[in-house]
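Novice: Take a look at the following structure, please.
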Amino acid sequence: MEYYSLNNYLQDIFGKKVYKIAINAGFTCPNRDGRAGYGGCIFCSGDGSGDFAGDREQGIAAQIEEGCKRIEAKMGNGEPAYIAYFQAFTNTYASVEVLREKYMEAVRHPHVVGISIATRPDCLGDDIVKLIGEINLIKPVWIELGLQTIHDRTVKLINRGYETEVYEAAVKKLVPLGVHIVTHVILGLPGETYEDMLETVKYVGDISHSYAHSVSCKRAGVTQEDMLLTNVVEKINTEKDSTRNQFGIKLQLLHVISGTRLADMYDMGEFATLEMDEYVRLVADCLELLPKDMVIHRITGDGDKRTLIAPLWSGDKKKVLNALNKEIRNR
Ligand code: SF4
């Protein structure tokens with residue numbers, strides 16, 4: 001089985017190797033300050049899931065400069081190209097003016113080829129969506145949405161703080177902008193069965209397929225029902241590049257991080273984390289369910305080893321990736 005990896009996507013879009021620089025732009029999160037909830041998602045670290053992001057006390061440009069230096073020291077500085085990744089907390093949770101200033105500071109950097117904005121689907125008001133559309137006309141914008149699961153009982157348990165319909169409404173608003181939409185899914189959440197996880201991944205694939213389809217139809221000037229006619233399908237196929245690869249997914253292994261409420265639950269023996277062989281099989285099964293043009297941004301987690309409590313096998317990233325690649329190749 002083959003899948004469309006992030007590296008392939010970056011190569012296709014930019015024609016060269018592109019690295020992400022994680023930024024902490026100094027935002028907070030409505031799931032922590034009471035607007036959507038208190039305490040945050042139970043798995044979220046005190047850094048707002050931005051463990052590798054820069055220092056929030058520095059400006060955006062300074063964090064980008066530091067990231068450039070770090071990557072160039074490691075990889076050499078042939079043709080530097082970076083995605084500025086607004087990673088920590090909720091990166092659309094501020095006024096349009098503040099957001100514009102912060103995004104533009106990144107966009108103006110000569111080596112930044114695009115920006116990626118991690119956020120919650122309930123923080124995408126119309127004014128913010130409009131701003132994202134404007135920025136996307138200057139440099140490509142990716143919007144990363146933390147969905148994690150579609151199952152209501154898990155949504156409550158993890159204290160996500162919004163209904164799944166909100167995610168779908170956000171996707172609907174973002175699709176016409178032409179931005180790249182990346183959905184985050186966590187595999188191994190407490191109480192979820194193997195089938196539950198596959199259902200979430202299938203839902204994300206189906207949503208992307210159906211919205212990409214409807215945009216293609218609109219551009220070709222036909223109804224979705226007409227798509228059933230073969231001559232119309234041919235017409236659509238000539239249009240399909242316009243929405244091709246508009247969707248991506250991050251499959252993340254649940255990490256139990258110290259200092260989180262999830263860690264307390266783990267200590268109390270309320271759930272077990274996935275074993276490596278189980279996770280490897282699960283990821284391969286997930287990939288089989290996704291549309292072939294969906295960009296696979298990640299197939300494992302990237303936890304901070306200093307705070308990782310479980311599963312400890314995930315700390316050996318090379319071993320995990322080797323096992324994943326072997327399983328995927330053999331499908
Ligand atoms: S929405 Fe993101 S930043 Fe906010 S608590 Fe959840 S994981 Fe953390």
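So you can find residues: chains in the structure tokens are A, B, ... in the order shown, residues in each start at 1, and ligands are numbered from 1 in order.
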Counting only C-alpha atoms and all ligand atoms, what residues are within 9 Å of ligand 1, given as number ranges by chain?

Specialist: A: 28-32, 37-50, 87-91, 118-120, 146, 158-161

Novice: What's the 9 Å shell around Asp293 in chain A, counting only C-alpha atoms, without same-chain residues fewer than 6 positions away, as a CSV table (one decimal) with N, CA and C atoms, in the first residue's frame?

Specialist:
```csv
chain,number,residue,atom,x,y,z
A,3,TYR,N,0.9,5.6,0.4
A,3,TYR,CA,0.1,6.7,0.8
A,3,TYR,C,0.9,8.0,0.4
A,4,TYR,N,0.1,9.1,0.5
A,4,TYR,CA,0.7,10.4,0.0
A,4,TYR,C,1.3,11.1,1.3
A,244,ARG,N,-7.4,18.9,-5.3
A,244,ARG,CA,-6.6,17.8,-5.0
A,244,ARG,C,-5.7,18.1,-3.8
A,245,ASN,N,-5.6,17.2,-3.0
A,245,ASN,CA,-4.7,17.3,-1.8
A,245,ASN,C,-5.1,18.5,-0.9
A,246,GLN,N,-6.4,18.9,-0.9
A,246,GLN,CA,-6.7,20.0,-0.1
A,246,GLN,C,-6.8,19.6,1.4
A,247,PHE,N,-6.9,18.3,1.6
A,247,PHE,CA,-7.1,17.7,2.9
A,247,PHE,C,-5.9,16.9,3.4
A,248,GLY,N,-5.6,17.0,4.7
A,248,GLY,CA,-4.5,16.2,5.3
A,248,GLY,C,-5.0,15.7,6.6
```

Novice: CA of Ile207 in chain A and CA of Glu168 in chain A, how far apart in Å?

Specialist: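 Spanning CA of Glu168 in chain A to CA of Ile207 in chain A is a straight-line distance of 7.7 Å.
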
Novice: For a quick check of understanding, using only C-alpha atoms, which of A:Gly125, A:Gly301, A:Gly191, A:Gly221 has the smallest distance to Leu157 in chain A?

Specialist: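 Among the listed residues, the smallest separation from Leu157 in chain A belongs to A:Gly191.
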
Novice: So that I can check the secondary structure, give me every residue of range 52-264 of chain A assigned strand (DSSP E or B) by backbone DSSP, as a ChimeraX atom specification.

Specialist: /A:82-86,112-119,141-148,180-187,247-253,256-257

Novice: Now that the selection is made, can you save its residues with C-alpha atoms as a tab-separated table (two decimals), in the first residue's frame?

Specialist:
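Wrote it out as selection.tsv, contents follow:
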```tsv
chain	number	residue	atom	x	y	z
A	82	TYR	CA	10.08	26.91	6.05
A	83	ILE	CA	6.48	26.60	7.12
A	84	ALA	CA	5.91	28.82	10.16
A	85	TYR	CA	3.81	26.58	12.38
A	86	PHE	CA	1.65	28.44	14.90
A	112	VAL	CA	8.86	31.33	5.04
A	113	VAL	CA	6.95	29.73	2.15
A	114	GLY	CA	3.68	29.25	4.03
A	115	ILE	CA	2.09	29.25	7.47
A	116	SER	CA	0.29	26.55	9.38
A	117	ILE	CA	-2.23	27.53	12.04
A	118	ALA	CA	-3.27	25.04	14.72
A	119	THR	CA	-6.66	25.86	16.17
A	141	VAL	CA	-2.08	28.71	4.64
A	142	TRP	CA	-2.74	25.41	6.35
A	143	ILE	CA	-5.36	25.16	9.08
A	144	GLU	CA	-4.85	22.35	11.58
A	145	LEU	CA	-8.01	21.33	13.43
A	146	GLY	CA	-7.90	19.34	16.66
A	147	LEU	CA	-10.75	16.88	16.24
A	148	GLN	CA	-9.20	13.85	18.01
A	180	HIS	CA	-5.03	23.13	3.16
A	181	ILE	CA	-7.07	21.57	6.00
A	182	VAL	CA	-5.30	19.17	8.34
A	183	THR	CA	-7.29	17.21	10.89
A	184	HIS	CA	-5.67	15.87	14.05
A	185	VAL	CA	-6.88	12.49	15.29
A	186	ILE	CA	-5.60	10.77	18.43
A	187	LEU	CA	-5.39	6.98	18.45
A	247	PHE	CA	-7.06	17.74	2.95
A	248	GLY	CA	-4.53	16.22	5.27
A	249	ILE	CA	-4.56	14.21	8.47
A	250	LYS	CA	-2.27	13.74	11.45
A	251	LEU	CA	-2.61	10.35	13.10
A	252	GLN	CA	-1.17	10.74	16.57
A	253	LEU	CA	-0.54	8.10	19.15
A	256	VAL	CA	0.48	10.34	28.52
A	257	ILE	CA	2.39	13.44	29.58
```

Novice: Range 53-251 of chain A: which residues are helix (DSSP H, G or I) by DSSP, as a VMD selection string?

Specialist: chain A and resid 60 to 75 96 to 107 121 to 123 126 to 138 152 to 158 164 to 177 194 to 220 225 to 228 230 to 242

Novice: With C-alpha atoms retained, write the just-selected residues as a JSON list (two decimals), in the first residue's frame.

Specialist:
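See part.json below for the written result:
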```json
[["chain", "number", "residue", "atom", "x", "y", "z"],
["A", 60, "ILE", "CA", 7.40, 35.69, 15.82],
["A", 61, "ALA", "CA", 10.30, 36.82, 13.63],
["A", 62, "ALA", "CA", 12.83, 36.06, 16.37],
["A", 63, "GLN", "CA", 11.41, 32.56, 16.84],
["A", 64, "ILE", "CA", 11.58, 31.96, 13.09],
["A", 65, "GLU", "CA", 15.20, 33.16, 12.98],
["A", 66, "GLU", "CA", 16.10, 30.84, 15.81],
["A", 67, "GLY", "CA", 14.32, 27.93, 14.11],
["A", 68, "CYS", "CA", 16.12, 28.66, 10.82],
["A", 69, "LYS", "CA", 19.50, 28.62, 12.59],
["A", 70, "ARG", "CA", 18.72, 25.36, 14.37],
["A", 71, "ILE", "CA", 17.61, 23.59, 11.21],
["A", 72, "GLU", "CA", 20.37, 25.00, 9.04],
["A", 73, "ALA", "CA", 23.00, 23.90, 11.58],
["A", 74, "LYS", "CA", 21.63, 20.36, 11.31],
["A", 75, "MET", "CA", 20.68, 20.15, 7.63],
["A", 96, "VAL", "CA", -8.47, 39.95, 13.78],
["A", 97, "GLU", "CA", -6.04, 42.85, 14.20],
["A", 98, "VAL", "CA", -3.78, 40.90, 16.53],
["A", 99, "LEU", "CA", -3.96, 37.80, 14.35],
["A", 100, "ARG", "CA", -3.17, 39.75, 11.19],
["A", 101, "GLU", "CA", -0.11, 41.28, 12.80],
["A", 102, "LYS", "CA", 1.21, 37.92, 14.03],
["A", 103, "TYR", "CA", 0.52, 36.00, 10.80],
["A", 104, "MET", "CA", 2.01, 38.78, 8.67],
["A", 105, "GLU", "CA", 5.16, 38.85, 10.77],
["A", 106, "ALA", "CA", 5.68, 35.22, 9.71],
["A", 107, "VAL", "CA", 4.55, 35.68, 6.11],
["A", 121, "PRO", "CA", -12.99, 24.60, 14.99],
["A", 122, "ASP", "CA", -15.03, 26.73, 17.41],
["A", 123, "CYS", "CA", -12.56, 29.61, 17.02],
["A", 126, "ASP", "CA", -16.42, 34.79, 9.83],
["A", 127, "ASP", "CA", -14.00, 37.71, 10.28],
["A", 128, "ILE", "CA", -11.16, 35.30, 11.04],
["A", 129, "VAL", "CA", -12.04, 33.06, 8.11],
["A", 130, "LYS", "CA", -11.95, 36.14, 5.88],
["A", 131, "LEU", "CA", -8.50, 37.05, 7.21],
["A", 132, "ILE", "CA", -7.24, 33.50, 6.58],
["A", 133, "GLY", "CA", -8.50, 33.76, 3.00],
["A", 134, "GLU", "CA", -6.60, 37.02, 2.53],
["A", 135, "ILE", "CA", -3.36, 35.62, 3.95],
["A", 136, "ASN", "CA", -3.74, 32.54, 1.76],
["A", 137, "LEU", "CA", -3.57, 34.80, -1.30],
["A", 138, "ILE", "CA", -0.11, 35.97, -0.19],
["A", 152, "ASP", "CA", -19.50, 11.82, 22.10],
["A", 153, "ARG", "CA", -18.61, 9.85, 25.20],
["A", 154, "THR", "CA", -14.88, 10.37, 24.49],
["A", 155, "VAL", "CA", -15.45, 14.03, 23.62],
["A", 156, "LYS", "CA", -16.88, 14.48, 27.14],
["A", 157, "LEU", "CA", -14.20, 12.38, 28.77],
["A", 158, "ILE", "CA", -11.33, 14.30, 27.19],
["A", 164, "THR", "CA", -18.39, 17.33, 16.40],
["A", 165, "GLU", "CA", -20.86, 19.25, 14.17],
["A", 166, "VAL", "CA", -18.75, 22.35, 14.86],
["A", 167, "TYR", "CA", -15.81, 20.66, 13.16],
["A", 168, "GLU", "CA", -17.84, 19.94, 10.05],
["A", 169, "ALA", "CA", -19.15, 23.52, 9.94],
["A", 170, "ALA", "CA", -15.55, 24.79, 10.13],
["A", 171, "VAL", "CA", -14.46, 22.56, 7.27],
["A", 172, "LYS", "CA", -17.39, 23.84, 5.22],
["A", 173, "LYS", "CA", -16.27, 27.44, 5.77],
["A", 174, "LEU", "CA", -12.62, 26.75, 5.02],
["A", 175, "VAL", "CA", -12.96, 24.66, 1.86],
["A", 176, "PRO", "CA", -13.92, 27.54, -0.47],
["A", 177, "LEU", "CA", -10.81, 29.48, 0.63],
["A", 194, "TYR", "CA", -10.35, -0.40, 17.67],
["A", 195, "GLU", "CA", -13.56, 0.12, 15.68],
["A", 196, "ASP", "CA", -14.21, 3.50, 17.33],
["A", 197, "MET", "CA", -10.84, 4.76, 16.13],
["A", 198, "LEU", "CA", -11.38, 3.46, 12.61],
["A", 199, "GLU", "CA", -14.79, 5.17, 12.56],
["A", 200, "THR", "CA", -13.22, 8.53, 13.41],
["A", 201, "VAL", "CA", -10.63, 8.18, 10.67],
["A", 202, "LYS", "CA", -13.25, 7.06, 8.15],
["A", 203, "TYR", "CA", -15.39, 10.07, 9.06],
["A", 204, "VAL", "CA", -12.48, 12.45, 8.37],
["A", 205, "GLY", "CA", -11.80, 10.76, 5.04],
["A", 206, "ASP", "CA", -15.49, 10.86, 4.06],
["A", 207, "ILE", "CA", -15.85, 14.54, 4.98],
["A", 208, "SER", "CA", -12.81, 15.47, 2.92],
["A", 209, "HIS", "CA", -14.00, 13.40, 0.00],
["A", 210, "SER", "CA", -17.49, 14.86, 0.05],
["A", 211, "TYR", "CA", -16.37, 18.51, 0.34],
["A", 212, "ALA", "CA", -13.67, 18.17, -2.29],
["A", 213, "HIS", "CA", -16.32, 16.57, -4.48],
["A", 214, "SER", "CA", -18.86, 19.32, -3.96],
["A", 215, "VAL", "CA", -16.32, 22.05, -4.74],
["A", 216, "SER", "CA", -15.33, 20.22, -7.93],
["A", 217, "CYS", "CA", -18.98, 19.99, -8.90],
["A", 218, "LYS", "CA", -19.52, 23.70, -8.33],
["A", 219, "ARG", "CA", -16.48, 24.60, -10.40],
["A", 220, "ALA", "CA", -17.63, 22.32, -13.20],
["A", 225, "GLU", "CA", -26.38, 13.93, -8.56],
["A", 226, "ASP", "CA", -25.11, 14.55, -12.09],
["A", 227, "MET", "CA", -21.80, 13.11, -10.98],
["A", 228, "LEU", "CA", -23.36, 9.71, -11.42],
["A", 230, "THR", "CA", -20.15, 9.03, -16.72],
["A", 231, "ASN", "CA", -19.74, 11.89, -19.19],
["A", 232, "VAL", "CA", -19.97, 14.33, -16.30],
["A", 233, "VAL", "CA", -17.42, 12.39, -14.30],
["A", 234, "GLU", "CA", -15.00, 12.93, -17.15],
["A", 235, "LYS", "CA", -15.64, 16.66, -16.99],
["A", 236, "ILE", "CA", -15.07, 16.69, -13.25],
["A", 237, "ASN", "CA", -11.82, 14.80, -13.58],
["A", 238, "THR", "CA", -10.39, 17.63, -15.63],
["A", 239, "GLU", "CA", -11.24, 19.93, -12.72],
["A", 240, "LYS", "CA", -9.98, 17.75, -9.93],
["A", 241, "ASP", "CA", -6.59, 19.42, -9.55],
["A", 242, "SER", "CA", -8.29, 22.44, -8.01]]
```

Novice: Have a look at CA of His109 in chain A and CA of Asp304 in chain A and let me know their distance in Å, one decimal.

Specialist: 27.9 Å

Novice: Of the residues A:Met1, A:Leu124, A:Ala25, A:Ile299, which is the one nearest to Leu282 in chain A, using only C-alpha atoms?

Specialist: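 Result for the nearest residue to Leu282 in chain A: A:Ile299.
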